[in-house]
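Shown here: entry_14.cif, mmCIF, C-alpha atoms.
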data_query
loop_
_atom_site.label_atom_id
_atom_site.label_comp_id
_atom_site.auth_asym_id
_atom_site.auth_seq_id
_atom_site.Cartn_x
_atom_site.Cartn_y
_atom_site.Cartn_z
CA MET X 1 -14.10 -17.23 12.72
CA THR X 2 -13.58 -15.58 16.08
CA ASN X 3 -11.19 -12.65 15.97
CA THR X 4 -10.13 -10.04 18.43
CA LEU X 5 -8.92 -6.48 18.28
CA ARG X 6 -7.04 -6.99 21.52
CA THR X 7 -3.29 -6.63 21.33
CA SER X 8 -0.42 -6.12 23.73
CA PHE X 9 3.19 -4.99 23.77
CA LEU X 10 5.60 -3.66 26.38
CA GLY X 11 3.35 -5.26 28.98
CA ILE X 12 0.44 -2.99 28.00
CA ASP X 13 -2.88 -4.61 27.05
CA PHE X 14 -5.08 -2.80 24.50
CA ASP X 15 -8.82 -3.46 24.08
CA ASN X 16 -8.38 -2.32 20.50
CA PRO X 17 -5.52 -0.63 18.61
CA PHE X 18 -7.24 2.77 18.27
CA LEU X 19 -5.97 5.53 20.54
CA LEU X 20 -6.79 9.21 20.62
CA ALA X 21 -3.66 11.20 19.83
CA SER X 22 -2.34 13.94 22.07
CA ALA X 23 -4.38 16.93 20.92
CA PRO X 24 -7.49 19.01 21.73
CA PRO X 25 -9.72 15.89 21.94
CA THR X 26 -7.63 14.73 24.93
CA ALA X 27 -7.32 18.12 26.61
CA LEU X 28 -9.87 17.45 29.38
CA ILE X 29 -10.53 14.51 31.67
CA GLU X 30 -14.30 14.67 31.07
CA SER X 31 -13.69 14.52 27.31
CA ILE X 32 -11.51 11.42 27.59
CA ASP X 33 -14.14 9.90 29.89
CA LYS X 34 -16.71 10.32 27.11
CA ALA X 35 -14.35 8.90 24.49
CA PHE X 36 -13.64 5.79 26.56
CA GLU X 37 -17.38 5.27 27.04
CA MET X 38 -17.74 5.31 23.24
CA GLY X 39 -15.15 2.59 22.70
CA TRP X 40 -11.70 4.08 22.18
CA GLY X 41 -8.93 1.71 23.21
CA GLY X 42 -6.88 4.42 24.85
CA ALA X 43 -5.80 8.03 24.87
CA VAL X 44 -2.58 9.99 24.78
CA LEU X 45 -3.12 13.01 27.01
CA LYS X 46 -2.63 16.49 25.65
CA THR X 47 1.00 17.26 26.37
CA ILE X 48 1.70 17.93 30.04
CA THR X 49 4.37 20.51 30.87
CA PRO X 50 5.87 21.96 34.05
CA ASP X 51 3.41 24.37 35.63
CA ASP X 52 5.77 27.32 35.17
CA LEU X 53 6.15 26.89 31.40
CA GLU X 54 4.50 29.97 29.85
CA MET X 55 2.09 29.42 26.96
CA ASN X 56 0.15 32.19 25.26
CA GLU X 57 -2.28 31.07 22.57
CA ALA X 58 -3.15 32.86 19.34
CA SER X 59 -6.68 33.12 17.95
CA PRO X 60 -7.89 31.88 15.54
CA ARG X 61 -5.63 28.84 15.55
CA TYR X 62 -7.04 26.52 12.84
CA ALA X 63 -7.28 26.53 9.06
CA VAL X 64 -8.31 23.86 6.55
CA LEU X 65 -7.57 22.71 3.01
CA GLN X 66 -10.67 21.62 1.11
CA ASP X 67 -11.32 19.55 -1.99
CA LYS X 68 -14.74 20.86 -2.96
CA LYS X 69 -16.55 20.51 0.38
CA ARG X 70 -14.37 17.77 1.86
CA ILE X 71 -11.64 18.79 4.28
CA ILE X 72 -8.44 17.00 3.28
CA GLY X 73 -5.97 19.05 5.29
CA PHE X 74 -5.89 20.78 8.65
CA GLN X 75 -3.48 23.31 10.09
CA ASN X 76 -3.21 24.22 13.74
CA ILE X 77 -1.01 26.51 15.82
CA GLU X 78 -2.43 25.45 19.17
CA LEU X 79 0.05 24.85 21.96
CA LEU X 80 0.08 22.32 24.79
CA SER X 81 -2.10 21.57 27.80
CA HIS X 82 -2.99 24.51 30.03
CA GLN X 83 -3.90 22.21 32.90
CA THR X 84 -1.63 21.70 35.90
CA VAL X 85 0.41 18.61 36.58
CA LYS X 86 -1.84 17.91 39.58
CA TYR X 87 -4.93 18.10 37.37
CA TRP X 88 -3.51 15.39 35.15
CA CYS X 89 -2.26 13.20 37.97
CA ASP X 90 -5.68 13.29 39.63
CA GLY X 91 -7.39 12.78 36.28
CA ILE X 92 -5.31 9.74 35.36
CA LYS X 93 -6.25 8.11 38.67
CA PHE X 94 -9.93 8.85 38.06
CA LEU X 95 -9.89 7.46 34.51
CA LYS X 96 -7.97 4.31 35.43
CA HIS X 97 -10.32 3.59 38.29
CA LYS X 98 -13.35 3.95 36.03
CA TYR X 99 -11.80 2.30 32.96
CA PRO X 100 -9.09 -0.12 34.16
CA SER X 101 -8.76 -1.73 30.71
CA LYS X 102 -8.20 1.51 28.82
CA VAL X 103 -4.66 2.58 27.93
CA ILE X 104 -3.56 5.99 29.18
CA VAL X 105 -0.33 7.47 27.84
CA ALA X 106 1.04 10.65 29.40
CA SER X 107 2.52 12.94 26.77
CA ILE X 108 5.12 15.21 28.35
CA MET X 109 7.39 18.07 27.32
CA SER X 110 9.83 20.23 29.24
CA PRO X 111 12.71 22.61 28.60
CA VAL X 112 16.07 20.97 27.97
CA ASN X 113 16.85 20.62 31.65
CA LYS X 114 17.44 17.30 33.40
CA ASP X 115 15.70 18.23 36.63
CA ALA X 116 12.64 19.61 34.83
CA TRP X 117 12.17 16.45 32.76
CA GLN X 118 12.78 14.12 35.68
CA ASP X 119 10.50 16.03 38.05
CA LEU X 120 7.67 15.72 35.53
CA VAL X 121 8.30 12.00 35.11
CA LYS X 122 8.47 11.39 38.86
CA ALA X 123 5.11 13.10 39.38
CA ILE X 124 3.42 10.90 36.78
CA ASN X 125 5.21 7.78 38.04
CA ASN X 126 2.86 8.02 41.02
CA THR X 127 -0.21 7.57 38.80
CA PRO X 128 -1.55 4.44 37.07
CA ALA X 129 -0.71 5.81 33.60
CA ASP X 130 0.48 3.00 31.32
CA ALA X 131 3.32 4.80 29.54
CA PHE X 132 5.02 8.06 28.71
CA GLU X 133 5.17 9.71 25.29
CA LEU X 134 7.98 12.25 24.97
CA ASN X 135 6.87 15.10 22.74
CA PHE X 136 10.03 15.99 20.81
CA SER X 137 8.08 17.10 17.78
CA CYS X 138 5.57 19.96 18.19
CA PRO X 139 6.35 22.16 15.13
CA HIS X 140 5.01 25.52 16.31
CA GLY X 141 5.30 27.78 19.31
CA MET X 142 7.54 25.47 21.30
CA PRO X 143 10.57 25.37 18.93
CA GLU X 144 11.01 29.10 19.55
CA LYS X 145 11.57 28.15 23.19
CA GLY X 146 14.15 25.54 22.22
CA ILE X 147 11.80 22.60 22.82
CA GLY X 148 9.29 20.57 20.81
CA MET X 149 10.57 20.12 17.26
CA ALA X 150 13.81 21.87 18.24
CA ILE X 151 14.57 18.74 20.27
CA GLY X 152 13.31 16.21 17.75
CA THR X 153 15.43 17.51 14.89
CA ASP X 154 18.62 16.97 16.91
CA ALA X 155 19.55 13.31 17.36
CA GLU X 156 22.00 13.99 20.19
CA VAL X 157 19.62 16.14 22.25
CA SER X 158 16.80 13.64 21.67
CA ALA X 159 19.00 10.83 22.95
CA GLN X 160 20.15 12.86 25.96
CA ILE X 161 16.63 13.66 27.12
CA THR X 162 15.54 10.07 26.54
CA THR X 163 18.39 8.96 28.79
CA TRP X 164 17.31 11.42 31.50
CA VAL X 165 13.75 10.14 31.37
CA LYS X 166 14.76 6.48 31.38
CA GLU X 167 16.84 7.02 34.51
CA VAL X 168 13.68 7.65 36.54
CA ALA X 169 10.70 6.40 34.51
CA GLN X 170 8.81 3.48 36.00
CA LYS X 171 6.71 2.99 32.87
CA PRO X 172 7.51 2.32 29.20
CA VAL X 173 8.76 5.36 27.31
CA PHE X 174 7.68 6.16 23.75
CA VAL X 175 9.43 8.95 21.85
CA LYS X 176 7.22 10.92 19.45
CA LEU X 177 9.22 11.77 16.34
CA SER X 178 8.94 14.67 13.94
CA PRO X 179 8.53 14.23 10.17
CA ASN X 180 10.27 17.58 9.70
CA VAL X 181 13.72 16.03 9.46
CA THR X 182 15.93 14.75 6.65
CA ASP X 183 16.33 11.27 8.16
CA ILE X 184 13.73 10.15 10.68
CA ALA X 185 15.34 6.71 10.91
CA ARG X 186 18.51 8.32 12.29
CA ILE X 187 16.55 10.01 15.07
CA ALA X 188 14.76 6.73 15.79
CA ARG X 189 18.04 4.87 16.12
CA SER X 190 19.47 7.54 18.41
CA VAL X 191 16.63 7.30 20.94
CA GLU X 192 16.61 3.51 20.68
CA HIS X 193 20.27 3.52 21.67
CA ALA X 194 19.26 5.77 24.59
CA ARG X 195 16.92 2.93 25.71
CA ALA X 196 13.56 4.23 24.53
CA ASP X 197 10.99 1.45 24.79
CA GLY X 198 8.90 2.49 21.79
CA LEU X 199 8.41 5.12 19.11
CA ALA X 200 5.46 7.24 17.97
CA ALA X 201 5.20 8.83 14.53
CA ILE X 202 4.33 11.20 13.18
CA ASN X 203 3.59 14.54 14.70
CA THR X 204 2.21 17.17 12.35
CA VAL X 205 4.03 18.36 9.23
CA GLN X 206 5.15 21.97 9.35
CA GLY X 207 3.42 24.17 6.76
CA PHE X 208 0.63 26.65 6.20
CA MET X 209 -2.66 26.45 4.34
CA GLY X 210 -2.25 29.23 1.83
CA ILE X 211 -2.96 32.80 0.87
CA ASP X 212 -6.25 34.43 -0.13
CA ILE X 213 -5.40 35.65 -3.64
CA ASN X 214 -7.91 38.50 -3.44
CA THR X 215 -6.67 40.02 -0.19
CA PHE X 216 -3.21 38.40 0.00
CA GLN X 217 -3.97 37.62 3.61
CA PRO X 218 -3.04 34.22 5.07
CA MET X 219 -5.86 31.71 5.38
CA LEU X 220 -4.97 31.27 9.04
CA ASN X 221 -5.17 34.95 9.78
CA VAL X 222 -4.17 36.24 13.21
CA ASN X 223 -4.66 39.99 12.93
CA GLY X 224 -3.12 40.01 9.46
CA LYS X 225 -0.24 37.62 10.12
CA THR X 226 0.28 33.88 10.32
CA ALA X 227 2.85 31.33 11.46
CA TYR X 228 3.98 28.01 10.15
CA GLY X 229 1.90 25.42 11.94
CA GLY X 230 1.27 21.72 12.17
CA CYS X 231 -0.51 20.24 9.15
CA SER X 232 -2.47 17.02 9.52
CA GLY X 233 -5.38 15.11 8.02
CA THR X 234 -5.62 13.07 4.84
CA MET X 235 -2.99 15.18 3.09
CA VAL X 236 -0.19 13.93 5.38
CA LYS X 237 -1.01 10.21 5.33
CA PRO X 238 1.62 9.36 2.66
CA ILE X 239 4.24 11.13 4.77
CA GLY X 240 3.17 9.30 7.91
CA LEU X 241 3.24 5.92 6.18
CA ARG X 242 6.68 6.62 4.76
CA CYS X 243 8.02 7.64 8.16
CA VAL X 244 6.60 4.62 9.96
CA ALA X 245 8.01 2.29 7.30
CA GLN X 246 11.45 3.90 7.50
CA ILE X 247 11.41 3.64 11.28
CA ARG X 248 10.38 -0.03 11.12
CA GLN X 249 13.21 -0.75 8.68
CA ALA X 250 15.65 0.87 11.11
CA SER X 251 14.29 -0.31 14.46
CA SER X 252 12.49 -3.24 16.04
CA LEU X 253 10.85 -1.12 18.76
CA PRO X 254 7.03 -1.00 19.00
CA ILE X 255 5.53 1.87 17.00
CA LEU X 256 2.42 3.95 17.61
CA GLY X 257 1.60 5.12 14.08
CA MET X 258 -0.39 8.19 13.13
CA GLY X 259 -0.87 10.82 10.46
CA GLY X 260 -4.01 11.19 8.35
CA ILE X 261 -5.82 8.15 9.75
CA SER X 262 -9.54 8.60 9.18
CA THR X 263 -10.77 5.05 8.47
CA TRP X 264 -10.08 1.47 9.51
CA GLU X 265 -8.45 0.97 6.10
CA ASP X 266 -5.89 3.65 6.96
CA ALA X 267 -5.17 1.85 10.23
CA VAL X 268 -4.59 -1.43 8.39
CA GLN X 269 -2.08 0.27 6.10
CA TYR X 270 -0.19 1.71 9.07
CA MET X 271 -0.04 -1.67 10.77
CA ALA X 272 1.04 -3.38 7.55
CA VAL X 273 4.15 -1.15 7.43
CA GLY X 274 5.06 -1.56 11.08
CA SER X 275 2.66 0.05 13.54
CA ASP X 276 1.62 -1.94 16.60
CA ALA X 277 -1.30 0.42 17.28
CA VAL X 278 -2.49 3.73 15.84
CA GLN X 279 -3.46 7.18 17.03
CA VAL X 280 -6.19 9.38 15.56
CA CYS X 281 -6.60 13.14 15.90
CA THR X 282 -7.84 15.23 12.97
CA GLU X 283 -10.69 12.90 12.03
CA VAL X 284 -11.98 13.21 15.59
CA MET X 285 -11.63 16.99 15.53
CA LEU X 286 -13.72 17.13 12.37
CA ASN X 287 -16.32 14.44 13.11
CA GLY X 288 -16.24 13.65 16.82
CA TYR X 289 -15.45 10.63 19.01
CA LYS X 290 -18.20 8.63 17.26
CA VAL X 291 -15.82 7.76 14.41
CA ILE X 292 -14.52 4.94 16.60
CA GLY X 293 -17.66 2.89 15.88
CA PRO X 294 -17.09 2.38 12.14
CA MET X 295 -13.36 1.95 12.72
CA VAL X 296 -13.80 -0.91 15.18
CA LYS X 297 -16.60 -2.55 13.20
CA GLY X 298 -14.76 -2.23 9.90
CA LEU X 299 -11.52 -3.66 11.27
CA LYS X 300 -13.31 -6.64 12.83
CA THR X 301 -15.10 -7.40 9.57
CA TYR X 302 -11.85 -7.11 7.63
CA LEU X 303 -10.03 -9.51 9.94
CA ASN X 304 -12.83 -12.05 9.51
CA GLU X 305 -12.81 -11.71 5.74
CA LYS X 306 -9.03 -12.08 5.54
CA GLY X 307 -8.91 -15.00 7.96
CA PHE X 308 -6.90 -13.25 10.67
CA LYS X 309 -7.55 -14.25 14.27
CA GLU X 310 -5.70 -11.34 15.86
CA VAL X 311 -5.03 -7.76 14.88
CA ARG X 312 -1.32 -8.25 15.54
CA GLU X 313 -1.16 -10.51 12.48
CA LEU X 314 -1.39 -7.38 10.34
CA LYS X 315 1.89 -6.02 11.63
CA ASP X 316 4.69 -5.77 9.04
CA LYS X 317 2.65 -7.59 6.35
CA ALA X 318 3.88 -5.18 3.66
CA ILE X 319 7.19 -3.93 5.04
CA SER X 320 9.29 -6.33 2.95
CA LEU X 321 7.84 -4.79 -0.21
CA LEU X 322 9.31 -1.37 0.53
CA SER X 323 12.77 -1.02 -0.95
CA SER X 324 15.01 1.39 -2.84
CA HIS X 325 14.55 2.49 -6.43
CA LYS X 326 17.76 0.65 -7.28
CA GLN X 327 16.17 -2.64 -6.23
CA LEU X 328 13.02 -2.24 -8.34
CA GLN X 329 12.62 -4.36 -11.44
CA LYS X 330 13.20 -2.24 -14.53
CA THR X 331 11.90 -4.63 -17.22
CA PRO X 332 9.64 -5.82 -18.69
CA LEU X 333 7.45 -2.78 -19.14
CA SER X 334 3.87 -2.76 -17.92
CA TYR X 335 1.87 -1.53 -20.90
CA PRO X 336 -1.66 -0.10 -20.50
CA GLN X 337 -4.51 -2.49 -21.20
CA LEU X 338 -7.47 -0.83 -22.91
CA LYS X 339 -11.14 -1.72 -22.37
CA HIS X 340 -12.62 -0.42 -25.61
CA ASP X 341 -16.19 -1.18 -24.55
CA VAL X 342 -15.78 1.16 -21.56
CA CYS X 343 -13.79 3.90 -23.33
CA GLY X 344 -15.73 7.11 -23.94
CA ARG X 345 -13.40 8.23 -26.75
CA CYS X 346 -12.85 11.56 -25.01
CA GLY X 347 -9.17 11.56 -25.91
CA LYS X 348 -8.00 12.86 -22.55
CA CYS X 349 -5.44 10.08 -22.13
CA VAL X 350 -4.02 10.89 -25.58
CA THR X 351 -3.70 14.57 -24.76
CA ILE X 352 -2.05 13.95 -21.42
CA CYS X 353 0.37 11.39 -22.87
CA MET X 354 1.26 13.79 -25.69
CA GLU X 355 1.87 16.61 -23.24
CA SER X 356 3.69 14.57 -20.60
CA GLU X 357 6.75 13.49 -22.56
CA HIS X 358 6.15 10.09 -24.10
CA GLN X 359 3.52 10.57 -26.85
CA ALA X 360 2.66 6.87 -26.88
CA LEU X 361 -1.14 7.02 -27.23
CA ARG X 362 -3.16 7.99 -30.25
CA LEU X 363 -6.78 7.85 -31.40
CA GLU X 364 -7.15 5.64 -34.48
CA ASP X 365 -10.52 4.96 -36.13
CA GLY X 366 -12.28 5.85 -32.89
CA TYR X 367 -10.12 3.62 -30.70
CA ILE X 368 -7.16 4.31 -28.43
CA ALA X 369 -3.97 2.65 -29.65
CA VAL X 370 -0.66 2.19 -27.81
CA ASP X 371 2.68 2.69 -29.53
CA LYS X 372 4.85 0.26 -27.57
CA THR X 373 8.02 1.70 -29.08
CA ARG X 374 7.29 4.93 -27.18
CA CYS X 375 5.34 3.74 -24.12
CA VAL X 376 7.37 3.54 -20.91
CA GLY X 377 4.56 2.04 -18.82
CA CYS X 378 4.38 5.03 -16.47
CA GLY X 379 0.67 4.49 -15.70
CA LEU X 380 -0.41 8.14 -15.94
CA CYS X 381 -3.09 7.39 -18.55
CA ARG X 382 -4.84 5.08 -16.10
CA PHE X 383 -5.22 7.82 -13.51
CA VAL X 384 -6.54 10.50 -15.88
CA CYS X 385 -9.08 8.27 -17.65
CA PRO X 386 -12.59 9.41 -16.51
CA THR X 387 -14.27 6.07 -17.29
CA GLY X 388 -11.78 3.54 -15.93
CA ALA X 389 -11.12 2.13 -19.37
CA ILE X 390 -7.37 1.77 -18.85
CA CYS X 391 -5.61 -0.66 -16.52
CA ASN X 392 -2.02 -1.86 -16.18
#
The structure given in the file should be rewritten as structure tokens.
Amino acid sequence: MTNTLRTSFLGIDFDNPFLLASAPPTALIESIDKAFEMGWGGAVLKTITPDDLEMNEASPRYAVLQDKKRIIGFQNIELLSHQTVKYWCDGIKFLKHKYPSKVIVASIMSPVNKDAWQDLVKAINNTPADAFELNFSCPHGMPEKGIGMAIGTDAEVSAQITTWVKEVAQKPVFVKLSPNVTDIARIARSVEHARADGLAAINTVQGFMGIDINTFQPMLNVNGKTAYGGCSGTMVKPIGLRCVAQIRQASSLPILGMGGISTWEDAVQYMAVGSDAVQVCTEVMLNGYKVIGPMVKGLKTYLNEKGFKEVRELKDKAISLLSSHKQLQKTPLSYPQLKHDVCGRCGKCVTICMESEHQALRLEDGYIAVDKTRCVGCGLCRFVCPTGAICN
């Protein structure tokens, strides 16, 4: 079967649905040039700001969360682009001339001032960029200035700025939403009503990586102090998926999904809950632009195996399965099924069940037995079994 990773929406054609997110990997034109040569479908530029917006960086600015030797979480307190508006306008023209089929999205941020936002938009209108992404969601450094996440946590301010931008924008406008809110769907609806063309989610989750218990110093240590920063990587994928699904349930606008995407499988999950395309950041920061190769190859193979002709067929495939707890079936119970030939008789499942409320498992004559009068079908035993002897 012939399939394609090409997709399109809002009049923008994508070679493939994988874009670099607005972050250090898109901070320089020569870097994006290299990424496009390696096969990325597009790039969201590191956030462009008015030239007079002051930004002073801290150092170091990264910390990680590790599971043994694997990095599963990443924290950063880096700010926005230090390049001038002219640098980016010239760079966009260069990249589009060299790679006319690649998607270029200009991420922008400005103080809450109509003229400042519109001046930035007007400058980029004169370039061949494909779209704008309004950064209402940076969780560190910028909120102290009343911008970034300070905008994205306020539905009214988000809508107002979106309206200002739409008054002058000559390209589609995506609004990048913050997960650091109580109701991301409400923010999505507010900017949709302000005529946003699309949505992007999520930006990083505010947090910090921890404390060294020997020195009591923060793991992201800037001369003995730290700040809450943006957390990303595998650890935030469940949050990103939840946010994209909630946005899709509240809005029909196109969505650029992101948050913990490190494989083609992650991308499929994001598209299945509503994303039209995806953005990748942390995986690139840890392993380089080359990760696009396995992503593209894996997604093509998957589409063939599943019988899909186009990547857009993945969109919303699972969204109808996401509902409220009230709507979930409560009976009959799903009891654990035991594979006695695989069981190692270690008794871990019995111990955990005994110590986690229900006390439904016991070891009888060398075999695990289930007391169905006590079992609630929670599934915990399946996850703690070291041999895979339990299924539901």
Contacts of X:Leu299 at 12 Å (only C-alpha atoms; same-chain gap of 6+ positions) as a PyMOL selection string | chain X and resi 3-6+16-18+263-269+271+292-293+305-306+308-312+314
Can those selected residues be exported to a file as a JSON list (two decimals), in the coordinates of the input so that it contains C-alpha atoms?
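The resulting result_18.json:
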[["chain", "number", "residue", "atom", "x", "y", "z"],
["X", 3, "ASN", "CA", -11.19, -12.65, 15.97],
["X", 4, "THR", "CA", -10.13, -10.04, 18.43],
["X", 5, "LEU", "CA", -8.92, -6.48, 18.28],
["X", 6, "ARG", "CA", -7.04, -6.99, 21.52],
["X", 16, "ASN", "CA", -8.38, -2.32, 20.50],
["X", 17, "PRO", "CA", -5.52, -0.63, 18.61],
["X", 18, "PHE", "CA", -7.24, 2.77, 18.27],
["X", 263, "THR", "CA", -10.77, 5.05, 8.47],
["X", 264, "TRP", "CA", -10.08, 1.47, 9.51],
["X", 265, "GLU", "CA", -8.45, 0.97, 6.10],
["X", 266, "ASP", "CA", -5.89, 3.65, 6.96],
["X", 267, "ALA", "CA", -5.17, 1.85, 10.23],
["X", 268, "VAL", "CA", -4.59, -1.43, 8.39],
["X", 269, "GLN", "CA", -2.08, 0.27, 6.10],
["X", 271, "MET", "CA", -0.04, -1.67, 10.77],
["X", 292, "ILE", "CA", -14.52, 4.94, 16.60],
["X", 293, "GLY", "CA", -17.66, 2.89, 15.88],
["X", 305, "GLU", "CA", -12.81, -11.71, 5.74],
["X", 306, "LYS", "CA", -9.03, -12.08, 5.54],
["X", 308, "PHE", "CA", -6.90, -13.25, 10.67],
["X", 309, "LYS", "CA", -7.55, -14.25, 14.27],
["X", 310, "GLU", "CA", -5.70, -11.34, 15.86],
["X", 311, "VAL", "CA", -5.03, -7.76, 14.88],
["X", 312, "ARG", "CA", -1.32, -8.25, 15.54],
["X", 314, "LEU", "CA", -1.39, -7.38, 10.34]]
Shortest contact to X:Thr226, candidates X:Asn126, X:Asn56, X:Asn214, X:Gln75, atoms counted only C-alpha atoms, goes to X:Gln75
Expansion of the PyMOL selection byres ((chain X and resi 85-90) around 12) into residues, as a count of residues only | 44
Taking (6.8, 14.7, 15.5) as a centre in this file's frame and 12 Å as the limit, can you find every polymer residue with an atom that close, using all atoms listed in the file, and give them as an mmCIF file with C-alpha atoms, keeping the file's coordinate frame?
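What follows is the written file point-v9.cif:
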data_model
loop_
_atom_site.group_PDB
_atom_site.id
_atom_site.type_symbol
_atom_site.label_atom_id
_atom_site.label_comp_id
_atom_site.auth_asym_id
_atom_site.auth_seq_id
_atom_site.Cartn_x
_atom_site.Cartn_y
_atom_site.Cartn_z
ATOM 1 C CA ALA X 21 -3.660 11.200 19.830
ATOM 2 C CA SER X 22 -2.340 13.940 22.070
ATOM 3 C CA GLU X 133 5.170 9.710 25.290
ATOM 4 C CA LEU X 134 7.980 12.250 24.970
ATOM 5 C CA ASN X 135 6.870 15.100 22.740
ATOM 6 C CA PHE X 136 10.030 15.990 20.810
ATOM 7 C CA SER X 137 8.080 17.100 17.780
ATOM 8 C CA CYS X 138 5.570 19.960 18.190
ATOM 9 C CA PRO X 139 6.350 22.160 15.130
ATOM 10 C CA HIS X 140 5.010 25.520 16.310
ATOM 11 C CA PRO X 143 10.570 25.370 18.930
ATOM 12 C CA ILE X 147 11.800 22.600 22.820
ATOM 13 C CA GLY X 148 9.290 20.570 20.810
ATOM 14 C CA MET X 149 10.570 20.120 17.260
ATOM 15 C CA ALA X 150 13.810 21.870 18.240
ATOM 16 C CA ILE X 151 14.570 18.740 20.270
ATOM 17 C CA GLY X 152 13.310 16.210 17.750
ATOM 18 C CA THR X 153 15.430 17.510 14.890
ATOM 19 C CA SER X 158 16.800 13.640 21.670
ATOM 20 C CA PHE X 174 7.680 6.160 23.750
ATOM 21 C CA VAL X 175 9.430 8.950 21.850
ATOM 22 C CA LYS X 176 7.220 10.920 19.450
ATOM 23 C CA LEU X 177 9.220 11.770 16.340
ATOM 24 C CA SER X 178 8.940 14.670 13.940
ATOM 25 C CA PRO X 179 8.530 14.230 10.170
ATOM 26 C CA ASN X 180 10.270 17.580 9.700
ATOM 27 C CA VAL X 181 13.720 16.030 9.460
ATOM 28 C CA ILE X 184 13.730 10.150 10.680
ATOM 29 C CA ILE X 187 16.550 10.010 15.070
ATOM 30 C CA ALA X 188 14.760 6.730 15.790
ATOM 31 C CA LEU X 199 8.410 5.120 19.110
ATOM 32 C CA ALA X 200 5.460 7.240 17.970
ATOM 33 C CA ALA X 201 5.200 8.830 14.530
ATOM 34 C CA ILE X 202 4.330 11.200 13.180
ATOM 35 C CA ASN X 203 3.590 14.540 14.700
ATOM 36 C CA THR X 204 2.210 17.170 12.350
ATOM 37 C CA VAL X 205 4.030 18.360 9.230
ATOM 38 C CA GLN X 206 5.150 21.970 9.350
ATOM 39 C CA GLY X 230 1.270 21.720 12.170
ATOM 40 C CA CYS X 231 -0.510 20.240 9.150
ATOM 41 C CA SER X 232 -2.470 17.020 9.520
ATOM 42 C CA ILE X 239 4.240 11.130 4.770
ATOM 43 C CA GLY X 240 3.170 9.300 7.910
ATOM 44 C CA CYS X 243 8.020 7.640 8.160
ATOM 45 C CA VAL X 244 6.600 4.620 9.960
ATOM 46 C CA LEU X 256 2.420 3.950 17.610
ATOM 47 C CA GLY X 257 1.600 5.120 14.080
ATOM 48 C CA MET X 258 -0.390 8.190 13.130
ATOM 49 C CA GLY X 259 -0.870 10.820 10.460
#
For X:Lys114, the nearest of the candidates X:Asp33, X:Glu78, X:Glu167, X:Glu144, counting all atoms listed in the file =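 That would be X:Glu167, the residue with the smallest distance to X:Lys114.
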